[in-house]
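Undergrad: The file below is target34.cif, mmCIF, C-alpha atoms:
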data_query
#
loop_
_atom_site.label_atom_id
_atom_site.label_comp_id
_atom_site.auth_asym_id
_atom_site.auth_seq_id
_atom_site.Cartn_x
_atom_site.Cartn_y
_atom_site.Cartn_z
CA MET U 48 99.99 70.31 89.72
CA ALA U 49 102.92 72.60 90.44
CA LYS U 50 103.49 73.47 94.07
CA ILE U 51 103.45 77.06 95.35
CA ARG U 52 107.09 78.07 95.78
CA VAL U 53 107.71 80.20 98.87
CA VAL U 54 110.73 82.15 100.13
CA VAL U 55 110.74 83.01 103.84
CA VAL U 56 112.55 86.21 104.86
CA ASP U 57 112.96 86.70 108.63
CA ASP U 58 115.90 87.60 110.85
CA SER U 59 114.81 85.06 113.49
CA ALA U 60 116.25 81.59 112.92
CA LEU U 61 113.38 80.15 114.98
CA VAL U 62 110.72 81.84 112.85
CA ARG U 63 112.46 80.80 109.63
CA SER U 64 112.54 77.21 110.83
CA LEU U 65 108.92 77.22 111.97
CA LEU U 66 107.58 78.82 108.78
CA THR U 67 109.63 76.46 106.63
CA GLU U 68 108.21 73.48 108.51
CA ILE U 69 104.64 74.76 108.29
CA ILE U 70 104.95 75.41 104.55
CA ASN U 71 106.60 72.08 103.76
CA ARG U 72 103.83 70.17 105.59
CA GLN U 73 101.38 71.30 102.92
CA PRO U 74 100.99 69.07 99.87
CA ASP U 75 100.54 72.05 97.55
CA MET U 76 103.49 74.23 98.58
CA THR U 77 107.21 74.11 99.24
CA CYS U 78 109.70 76.46 100.87
CA VAL U 79 112.45 76.97 98.29
CA GLY U 80 114.58 79.21 100.50
CA ALA U 81 114.85 81.01 103.85
CA ALA U 82 116.84 84.24 104.18
CA ALA U 83 117.99 86.05 107.32
CA ASP U 84 117.92 89.52 105.74
CA PRO U 85 116.72 91.27 102.57
CA LEU U 86 120.13 91.37 100.90
CA VAL U 87 120.42 87.59 101.07
CA ALA U 88 116.76 87.34 100.04
CA ARG U 89 117.38 89.44 96.94
CA GLU U 90 119.82 86.89 95.56
CA MET U 91 117.62 84.00 96.66
CA ILE U 92 114.65 85.43 94.79
CA ARG U 93 116.72 85.77 91.63
CA GLU U 94 117.85 82.15 91.90
CA THR U 95 114.55 80.48 92.90
CA SER U 96 111.82 82.66 91.29
CA PRO U 97 109.28 82.07 94.10
CA ASP U 98 105.53 82.48 93.76
CA VAL U 99 105.13 84.08 97.21
CA ILE U 100 107.40 85.72 99.79
CA THR U 101 106.77 85.93 103.51
CA LEU U 102 108.55 89.04 104.78
CA ASP U 103 109.29 90.16 108.33
CA VAL U 104 108.59 93.82 109.02
CA GLU U 105 111.65 94.45 111.19
CA MET U 106 114.86 93.33 109.49
CA PRO U 107 118.62 94.04 109.76
CA ARG U 108 120.65 95.86 107.06
CA MET U 109 117.45 96.87 105.22
CA ASP U 110 114.06 97.06 106.90
CA GLY U 111 111.12 95.15 105.50
CA LEU U 112 109.36 98.25 104.15
CA GLU U 113 112.37 99.44 102.18
CA PHE U 114 112.86 95.97 100.73
CA LEU U 115 109.15 95.70 99.88
CA SER U 116 109.23 99.11 98.19
CA ARG U 117 112.16 98.10 95.98
CA LEU U 118 110.64 94.70 95.24
CA MET U 119 107.26 96.12 94.17
CA ARG U 120 108.90 98.70 91.92
CA LEU U 121 111.35 96.34 90.23
CA ARG U 122 109.89 92.83 90.45
CA PRO U 123 106.31 92.82 91.78
CA MET U 124 105.24 89.57 93.36
CA PRO U 125 102.84 88.42 96.08
CA VAL U 126 104.10 89.22 99.58
CA VAL U 127 102.63 88.20 102.94
CA MET U 128 104.01 90.38 105.73
CA VAL U 129 104.87 88.92 109.15
CA SER U 130 104.15 91.57 111.78
CA THR U 131 104.27 91.77 115.56
CA LEU U 132 101.18 92.58 117.60
CA THR U 133 102.29 96.08 118.58
CA GLU U 134 101.05 99.57 117.73
CA GLN U 135 104.21 100.26 115.74
CA GLY U 136 103.92 96.88 114.02
CA ALA U 137 100.33 97.69 113.03
CA GLU U 138 101.27 101.06 111.53
CA ILE U 139 104.16 99.55 109.55
CA THR U 140 101.94 96.73 108.33
CA LEU U 141 99.36 99.19 107.01
CA ARG U 142 102.11 100.99 105.12
CA ALA U 143 103.19 97.64 103.68
CA LEU U 144 99.64 96.92 102.48
CA GLU U 145 99.58 100.37 100.88
CA MET U 146 102.80 99.48 99.03
CA GLY U 147 101.24 96.33 97.61
CA ALA U 148 101.67 93.51 100.13
CA VAL U 149 98.73 91.12 99.71
CA ASP U 150 98.15 90.30 103.37
CA PHE U 151 99.82 89.92 106.75
CA VAL U 152 100.24 87.49 109.62
CA ALA U 153 100.32 88.88 113.16
CA LYS U 154 102.87 86.85 115.11
CA PRO U 155 102.82 86.94 118.93
CA ARG U 156 105.55 88.77 120.84
CA ILE U 157 105.94 85.90 123.31
CA GLY U 158 105.40 82.19 122.83
CA VAL U 159 106.37 82.51 119.18
CA SER U 160 106.76 78.78 118.56
CA ALA U 161 103.34 77.77 119.93
CA GLY U 162 101.75 80.90 118.51
CA LEU U 163 102.91 80.28 114.95
CA GLN U 164 101.84 76.65 115.13
CA GLU U 165 98.36 77.80 116.19
CA LEU U 166 98.35 80.19 113.24
CA ALA U 167 99.58 77.56 110.77
CA GLY U 168 96.21 77.15 109.04
CA ASP U 169 95.81 80.91 108.66
CA ILE U 170 99.38 81.31 107.36
CA VAL U 171 99.07 78.70 104.62
CA ASP U 172 95.60 79.96 103.62
CA LYS U 173 97.06 83.44 103.13
CA ILE U 174 99.97 82.05 101.12
CA ARG U 175 97.52 80.22 98.83
CA VAL U 176 95.44 83.37 98.35
CA ALA U 177 98.57 85.45 97.74
CA ALA U 178 99.78 83.02 95.07
CA ALA U 179 96.62 83.74 93.03
CA ALA U 180 96.33 87.47 93.87
CA HIS U 181 96.60 90.36 91.45
CA VAL U 182 99.70 92.37 92.37
CA ARG U 183 100.60 95.80 91.08
CA ARG U 184 103.86 97.55 90.39
CA LEU U 185 104.60 100.28 92.91
CA ALA U 186 105.20 103.60 91.19
CA PRO U 187 105.76 107.07 92.64
CA THR U 188 102.64 109.22 92.54
CA PRO U 189 102.08 112.91 93.35
CA ALA U 190 101.04 113.62 96.92
CA GLY U 191 97.33 113.12 97.45
CA ASN U 192 96.80 110.91 94.39
CA THR U 193 95.27 107.50 94.74
CA ARG U 194 95.90 104.34 92.73
CA VAL U 195 93.54 101.63 91.59
CA PRO U 196 95.27 98.25 91.99
CA ASN U 197 95.68 96.44 88.67
CA ALA U 198 93.11 98.65 86.97
CA THR U 199 92.90 99.94 83.43
CA PRO U 200 92.75 103.72 82.85
CA ALA U 201 88.99 103.40 82.44
CA ALA U 202 88.78 102.14 86.02
CA SER U 203 90.26 105.30 87.50
CA ALA U 204 87.90 107.72 89.17
CA PRO U 205 87.32 110.96 87.23
CA ALA U 206 88.17 114.23 88.90
CA GLU U 207 85.35 115.08 91.28
CA PRO U 208 83.36 118.03 89.91
CA ALA U 209 82.22 120.89 92.06
CA ARG U 210 78.85 120.01 93.53
CA ALA U 211 76.20 121.26 95.86
CA PRO U 212 75.94 119.65 99.31
CA LEU U 213 74.12 116.33 99.31
CA PRO U 214 70.38 116.54 99.96
CA ARG U 215 69.42 116.18 103.60
CA LEU U 216 67.59 112.98 102.72
CA SER U 217 70.85 111.30 101.71
CA THR U 218 72.28 111.67 105.20
CA GLU U 219 69.51 109.35 106.40
CA LYS U 220 71.02 106.51 104.41
CA ILE U 221 73.79 104.28 105.80
CA ILE U 222 76.55 102.87 103.61
CA CYS U 223 77.67 99.35 104.61
CA ILE U 224 81.06 98.10 103.38
CA GLY U 225 82.54 94.61 103.56
CA ALA U 226 86.12 93.66 102.63
CA SER U 227 88.92 91.22 103.30
CA THR U 228 92.23 90.60 101.47
CA GLY U 229 93.28 93.82 99.75
CA GLY U 230 90.53 95.69 101.54
CA THR U 231 92.54 98.23 103.50
CA GLU U 232 93.55 100.09 100.35
CA ALA U 233 90.20 99.52 98.64
CA ILE U 234 88.38 101.03 101.64
CA ARG U 235 90.70 104.04 101.53
CA GLU U 236 89.85 104.49 97.85
CA VAL U 237 86.13 104.52 98.63
CA LEU U 238 86.29 106.76 101.70
CA THR U 239 88.66 109.53 100.59
CA PRO U 240 86.25 111.02 97.99
CA MET U 241 83.40 111.11 100.51
CA PRO U 242 82.44 114.68 101.49
CA ALA U 243 82.07 115.82 105.08
CA ASP U 244 78.26 115.68 104.70
CA ALA U 245 78.23 112.06 103.51
CA PRO U 246 75.89 109.52 105.06
CA ALA U 247 77.15 107.38 107.92
CA ILE U 248 79.38 104.49 106.84
CA VAL U 249 79.83 101.20 108.71
CA ILE U 250 82.66 98.87 107.74
CA THR U 251 83.71 95.31 108.40
CA GLN U 252 87.25 94.54 107.25
CA HIS U 253 88.68 91.15 108.22
CA MET U 254 91.44 92.17 110.63
CA PRO U 255 92.75 90.83 113.95
CA ALA U 256 92.63 92.69 117.24
CA GLY U 257 95.37 95.28 117.61
CA PHE U 258 95.34 96.58 114.03
CA THR U 259 92.03 98.36 113.52
CA THR U 260 92.88 101.30 115.79
CA SER U 261 95.85 102.21 113.58
CA PHE U 262 93.75 101.53 110.47
CA ALA U 263 90.99 103.87 111.63
CA ASN U 264 93.47 106.57 112.67
CA ARG U 265 95.21 106.42 109.31
CA LEU U 266 91.93 106.76 107.40
CA ASP U 267 90.81 109.58 109.69
CA SER U 268 93.95 111.53 108.75
CA LEU U 269 93.19 111.11 105.02
CA CYS U 270 89.42 111.62 104.85
CA LYS U 271 87.00 114.54 105.06
CA ILE U 272 84.67 112.40 107.16
CA ARG U 273 85.62 111.27 110.67
CA VAL U 274 86.78 107.66 110.88
CA GLN U 275 86.95 105.65 114.12
CA GLU U 276 86.69 102.19 115.59
CA ALA U 277 83.08 101.45 116.45
CA ARG U 278 82.15 101.48 120.13
CA ASP U 279 79.28 99.46 121.52
CA GLY U 280 76.14 101.57 121.90
CA GLN U 281 77.35 104.70 120.11
CA ARG U 282 75.02 106.55 117.73
CA ILE U 283 75.72 106.14 114.02
CA LEU U 284 75.91 109.67 112.62
CA PRO U 285 76.29 111.27 109.19
CA GLY U 286 79.79 112.41 108.32
CA HIS U 287 81.33 109.51 110.25
CA ALA U 288 82.68 106.05 109.38
CA TYR U 289 82.76 103.24 111.94
CA ILE U 290 85.11 100.26 111.59
CA ALA U 291 84.46 96.92 113.29
CA PRO U 292 87.17 96.44 115.96
CA GLY U 293 89.57 93.62 115.14
CA GLY U 294 88.36 90.32 116.56
CA ARG U 295 84.82 91.59 117.32
CA HIS U 296 81.58 91.65 115.33
CA LEU U 297 79.83 94.89 114.39
CA ARG U 298 76.12 95.13 113.65
CA ILE U 299 73.51 97.87 113.42
CA ASP U 300 70.50 98.20 115.71
CA ARG U 301 67.82 100.73 116.61
CA SER U 302 67.46 102.67 119.84
CA GLY U 303 64.28 104.68 119.63
CA SER U 304 64.60 106.82 116.49
CA ASN U 305 68.40 106.41 116.34
CA TYR U 306 70.66 103.89 114.67
CA VAL U 307 73.37 102.57 117.00
CA ALA U 308 76.43 100.33 116.72
CA VAL U 309 76.50 96.99 118.51
CA VAL U 310 79.98 95.53 119.09
CA GLU U 311 80.05 92.00 120.47
CA ASP U 312 82.22 88.92 121.07
CA THR U 313 79.86 86.27 119.76
CA GLU U 314 81.09 83.20 117.87
CA PRO U 315 82.87 83.58 114.51
CA VAL U 316 80.63 83.51 111.44
CA ASN U 317 82.00 81.99 108.22
CA ARG U 318 85.22 81.49 110.26
CA HIS U 319 85.51 85.26 110.71
CA ARG U 320 85.20 87.70 113.58
CA PRO U 321 84.44 90.38 112.58
CA SER U 322 82.22 88.97 109.86
CA VAL U 323 80.69 90.86 106.95
CA GLU U 324 77.72 88.50 107.18
CA VAL U 325 76.87 89.83 110.65
CA LEU U 326 76.98 93.47 109.54
CA PHE U 327 75.07 92.96 106.29
CA ARG U 328 72.40 90.78 107.90
CA SER U 329 71.73 93.50 110.47
CA ALA U 330 71.55 96.07 107.67
CA ALA U 331 68.92 94.00 105.88
CA ARG U 332 66.87 93.69 109.05
CA ILE U 333 67.26 97.19 110.49
CA LEU U 334 67.92 99.53 107.54
CA GLY U 335 65.98 97.99 104.65
CA PRO U 336 65.85 100.55 101.80
CA ASN U 337 67.94 103.01 103.83
CA ALA U 338 71.02 100.83 103.21
CA ILE U 339 73.62 101.08 100.47
CA GLY U 340 75.82 97.96 100.26
CA ILE U 341 79.38 97.81 98.97
CA MET U 342 81.33 94.55 98.62
CA LEU U 343 85.06 94.98 98.05
CA THR U 344 88.01 92.68 97.38
CA GLY U 345 88.48 89.65 99.62
CA MET U 346 88.88 85.89 99.75
CA GLY U 347 86.02 83.50 100.43
CA GLY U 348 82.32 84.28 100.46
CA ASP U 349 81.71 86.06 103.77
CA GLY U 350 78.76 88.44 103.47
CA ALA U 351 77.54 87.34 100.04
CA ALA U 352 74.31 85.68 101.22
CA ALA U 353 73.55 88.56 103.60
CA MET U 354 74.14 91.08 100.82
CA ARG U 355 71.39 89.35 98.86
CA GLU U 356 69.18 89.71 101.96
CA MET U 357 69.99 93.44 101.89
CA LYS U 358 68.95 93.64 98.24
CA ASP U 359 65.71 91.78 98.93
CA ALA U 360 65.02 94.25 101.78
CA GLY U 361 65.40 97.21 99.42
CA SER U 362 69.07 98.25 99.56
CA TYR U 363 71.06 99.31 96.50
CA ASN U 364 74.32 97.35 96.17
CA TYR U 365 77.69 97.91 94.51
CA VAL U 366 80.27 95.15 93.97
CA GLN U 367 83.91 95.66 92.97
CA ASP U 368 84.86 94.18 89.60
CA GLU U 369 87.44 91.44 89.09
CA ALA U 370 90.05 93.55 87.28
CA SER U 371 90.47 95.96 90.20
CA CYS U 372 90.30 93.35 92.99
CA VAL U 373 93.36 91.92 94.70
CA VAL U 374 91.23 88.81 95.33
CA PHE U 375 87.85 88.37 93.62
CA GLY U 376 86.39 85.83 96.08
CA MET U 377 83.85 87.84 98.07
CA PRO U 378 82.71 90.00 95.13
CA ARG U 379 82.36 86.92 92.91
CA MET U 380 80.19 85.18 95.51
CA ALA U 381 78.03 88.29 95.95
CA ILE U 382 77.46 88.39 92.18
CA GLN U 383 76.64 84.67 92.12
CA HIS U 384 74.07 85.23 94.89
CA GLY U 385 72.39 87.89 92.75
CA ALA U 386 73.22 90.58 95.32
CA ALA U 387 74.70 93.21 92.98
CA HIS U 388 72.87 96.04 91.29
CA GLU U 389 76.13 97.36 89.78
CA VAL U 390 79.58 95.78 89.33
CA LEU U 391 82.16 98.55 89.02
CA PRO U 392 85.91 99.16 89.03
CA LEU U 393 87.10 100.31 92.43
CA GLY U 394 87.72 103.89 91.35
CA GLN U 395 84.14 104.29 90.11
CA ILE U 396 82.31 103.09 93.23
CA ALA U 397 82.49 106.25 95.35
CA PRO U 398 81.46 108.56 92.45
CA ALA U 399 78.56 106.22 91.62
CA VAL U 400 77.37 106.23 95.25
CA LEU U 401 77.57 110.04 95.45
CA THR U 402 75.72 110.46 92.17
CA ARG U 403 72.94 108.16 93.35
CA LEU U 404 72.67 109.97 96.68
CA ALA U 405 72.54 113.39 95.01
CA SER U 406 69.70 112.28 92.73
CA ALA U 407 67.66 110.51 95.42
CA PRO U 408 63.95 111.46 95.27
CA ALA U 409 62.30 113.07 98.22
CA GLY U 410 60.53 110.82 100.65
CA VAL U 411 60.21 109.75 104.23
CA ARG U 412 63.11 107.93 105.85
CA HIS U 413 64.13 106.97 109.37
CA ARG U 414 65.79 109.74 111.34
CA ILE U 415 69.26 109.15 112.76
#
I'd like the structure from this file rewritten - as structure tokens, please.

TA:
Amino acid sequence: MAKIRVVVVDDSALVRSLLTEIINRQPDMTCVGAAADPLVAREMIRETSPDVITLDVEMPRMDGLEFLSRLMRLRPMPVVMVSTLTEQGAEITLRALEMGAVDFVAKPRIGVSAGLQELAGDIVDKIRVAAAAHVRRLAPTPAGNTRVPNATPAASAPAEPARAPLPRLSTEKIICIGASTGGTEAIREVLTPMPADAPAIVITQHMPAGFTTSFANRLDSLCKIRVQEARDGQRILPGHAYIAPGGRHLRIDRSGSNYVAVVEDTEPVNRHRPSVEVLFRSAARILGPNAIGIMLTGMGGDGAAAMREMKDAGSYNYVQDEASCVVFGMPRMAIQHGAAHEVLPLGQIAPAVLTRLASAPAGVRHRI
């Protein structure tokens, strides 16, 4: 079986050495080159034709974003960004994911050697996932347009028609979203069509501490609804989206007649914190038929079993299809568990949810 060929691009000689060592320890991958800056990397890529690139965000002569932009326009390939745990690093990383990077590794600012060794398992897992990921060519688009990664024209969302406000009943639903690799852009694609009167939305995206604040702020600037990191004990309200803070679980609970967010530091579930399983299991228990489940792109199977619990409790569930996923792991597992009512291209999920909400029959639901 051919090994995964990796090129490391980082201006730090220490980081290049550490990443090369970590990669070469794996029986299924090999580092075929290490470059100190993007200009050297450009020639190295031409000569070695790697399967995956690890790319530092902050680089000399040409910064990582500029290099990524050129790469994804001219020669798209899987890229794992290496970012520092800073606010600026988080914002740049989110831009890189928007441009088509598959995933990122958050390296520590101090204790780099020990820190990267501790992250070795995570680094090589992300390289393996990246090697099998669907990547897209970056192309200029008019301001305000969205793109569906690797989708056919049929997968694109139709222009949203003029519509009446959603029925009051629909605001008593809660939309629950789970995502991992490729999820930051997929979540944006689902949230931006949501009107200001949309039901409350709760989201678990696999992301480390230090990145979800920037992620929430970026979405808030793009959406009609308000988007924020979830805070423990806050009411879950229509017209708002709540994102699980990086490194902490998010679940839903009841306080009297209200739904509230619970943010906690309990043990990882399915190796993840935050875990989609935790959010979806709480939705099955607390929301029942008031839940709408959405499973988006991501590696592994986190949340699949709990999404089936949601379905059994009366929720209606949407799962992203393989063609539009960066990684089809979590959606595939949800389908295998029998959790999906509909499997749709990414661009069709938000319109399908809104159509279902607008046609919901009258009835009694929990107040929020």

Undergrad: Under the rule that only C-alpha atoms are counted, which of U:Pro336, U:Gly293, U:Gly348, U:Pro242 is the nearest residue to Ala263 (chain U)?

TA: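 Selected residue with least distance to Ala263 (chain U): U:Gly293.
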
Undergrad: Please expand the PyMOL selection byres ((chain U and resi 299) around 10) into the concrete residues it hits in this file, giving the result as number ranges by chain.

TA: U: 221, 223, 249, 280, 282-283, 297-298, 300-301, 306-310, 325-334

Undergrad: Write the residues you've just listed into a file as a PDB file, keeping the file's coordinate frame, and include C-alpha atoms for each of them.

TA:
ATOM      1  CA  ILE U 221      73.790 104.280 105.800  1.00  0.00           C
ATOM      2  CA  CYS U 223      77.670  99.350 104.610  1.00  0.00           C
ATOM      3  CA  VAL U 249      79.830 101.200 108.710  1.00  0.00           C
ATOM      4  CA  GLY U 280      76.140 101.570 121.900  1.00  0.00           C
ATOM      5  CA  ARG U 282      75.020 106.550 117.730  1.00  0.00           C
ATOM      6  CA  ILE U 283      75.720 106.140 114.020  1.00  0.00           C
ATOM      7  CA  LEU U 297      79.830  94.890 114.390  1.00  0.00           C
ATOM      8  CA  ARG U 298      76.120  95.130 113.650  1.00  0.00           C
ATOM      9  CA  ASP U 300      70.500  98.200 115.710  1.00  0.00           C
ATOM     10  CA  ARG U 301      67.820 100.730 116.610  1.00  0.00           C
ATOM     11  CA  TYR U 306      70.660 103.890 114.670  1.00  0.00           C
ATOM     12  CA  VAL U 307      73.370 102.570 117.000  1.00  0.00           C
ATOM     13  CA  ALA U 308      76.430 100.330 116.720  1.00  0.00           C
ATOM     14  CA  VAL U 309      76.500  96.990 118.510  1.00  0.00           C
ATOM     15  CA  VAL U 310      79.980  95.530 119.090  1.00  0.00           C
ATOM     16  CA  VAL U 325      76.870  89.830 110.650  1.00  0.00           C
ATOM     17  CA  LEU U 326      76.980  93.470 109.540  1.00  0.00           C
ATOM     18  CA  PHE U 327      75.070  92.960 106.290  1.00  0.00           C
ATOM     19  CA  ARG U 328      72.400  90.780 107.900  1.00  0.00           C
ATOM     20  CA  SER U 329      71.730  93.500 110.470  1.00  0.00           C
ATOM     21  CA  ALA U 330      71.550  96.070 107.670  1.00  0.00           C
ATOM     22  CA  ALA U 331      68.920  94.000 105.880  1.00  0.00           C
ATOM     23  CA  ARG U 332      66.870  93.690 109.050  1.00  0.00           C
ATOM     24  CA  ILE U 333      67.260  97.190 110.490  1.00  0.00           C
ATOM     25  CA  LEU U 334      67.920  99.530 107.540  1.00  0.00           C
TER      26      LEU U 334
END

Undergrad: Once the PyMOL selection byres ((chain U and resi 237) around 8) is applied to the coordinates I shared, what remains selected? I want it as a count of residues only.

TA: 12

Undergrad: Might you pull out every residue within 10 Å of Val400 (chain U), with all atoms listed in the file counted and same-chain residues fewer than 3 positions away left off, and present them as a list of chain:residue names?

TA: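 Counting all atoms listed in the file, the residues come to U:Ile222, U:Val237, U:Met241, U:Ile339, U:Gly340, U:Ile341, U:Tyr363, U:Asn364, U:Tyr365, U:Gln395, U:Ile396, U:Ala397, U:Arg403, U:Leu404, U:Ala405.
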
Undergrad: How would the residues just picked look written out with C-alpha atoms as a CSV table (one decimal), keeping the file's coordinate frame?

TA:
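Output file result-v4.csv follows:
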chain,number,residue,atom,x,y,z
U,222,ILE,CA,76.6,102.9,103.6
U,237,VAL,CA,86.1,104.5,98.6
U,241,MET,CA,83.4,111.1,100.5
U,339,ILE,CA,73.6,101.1,100.5
U,340,GLY,CA,75.8,98.0,100.3
U,341,ILE,CA,79.4,97.8,99.0
U,363,TYR,CA,71.1,99.3,96.5
U,364,ASN,CA,74.3,97.4,96.2
U,365,TYR,CA,77.7,97.9,94.5
U,395,GLN,CA,84.1,104.3,90.1
U,396,ILE,CA,82.3,103.1,93.2
U,397,ALA,CA,82.5,106.2,95.4
U,403,ARG,CA,72.9,108.2,93.4
U,404,LEU,CA,72.7,110.0,96.7
U,405,ALA,CA,72.5,113.4,95.0

Undergrad: With only C-alpha atoms as the atoms that count, which of U:Arg320, U:Lys173, U:Arg183, U:Arg122 lies nearest to Ile92 (chain U)?

TA: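 Once distances to Ile92 (chain U) are computed over only C-alpha atoms, the minimum belongs to U:Arg122.
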
Undergrad: Tell me which residues the PyMOL selection byres ((chain U and resi 371-382) around 6) grabs here, as a PyMOL selection string.

TA: chain U and resi 180-181+196-198+229+342+344-348+351+366+368-370+383-387+392-393

Undergrad: Just give me the gap between CA of Pro74 (chain U) and CA of Ala167 (chain U) in Å, one decimal is fine.

TA: 13.9 Å
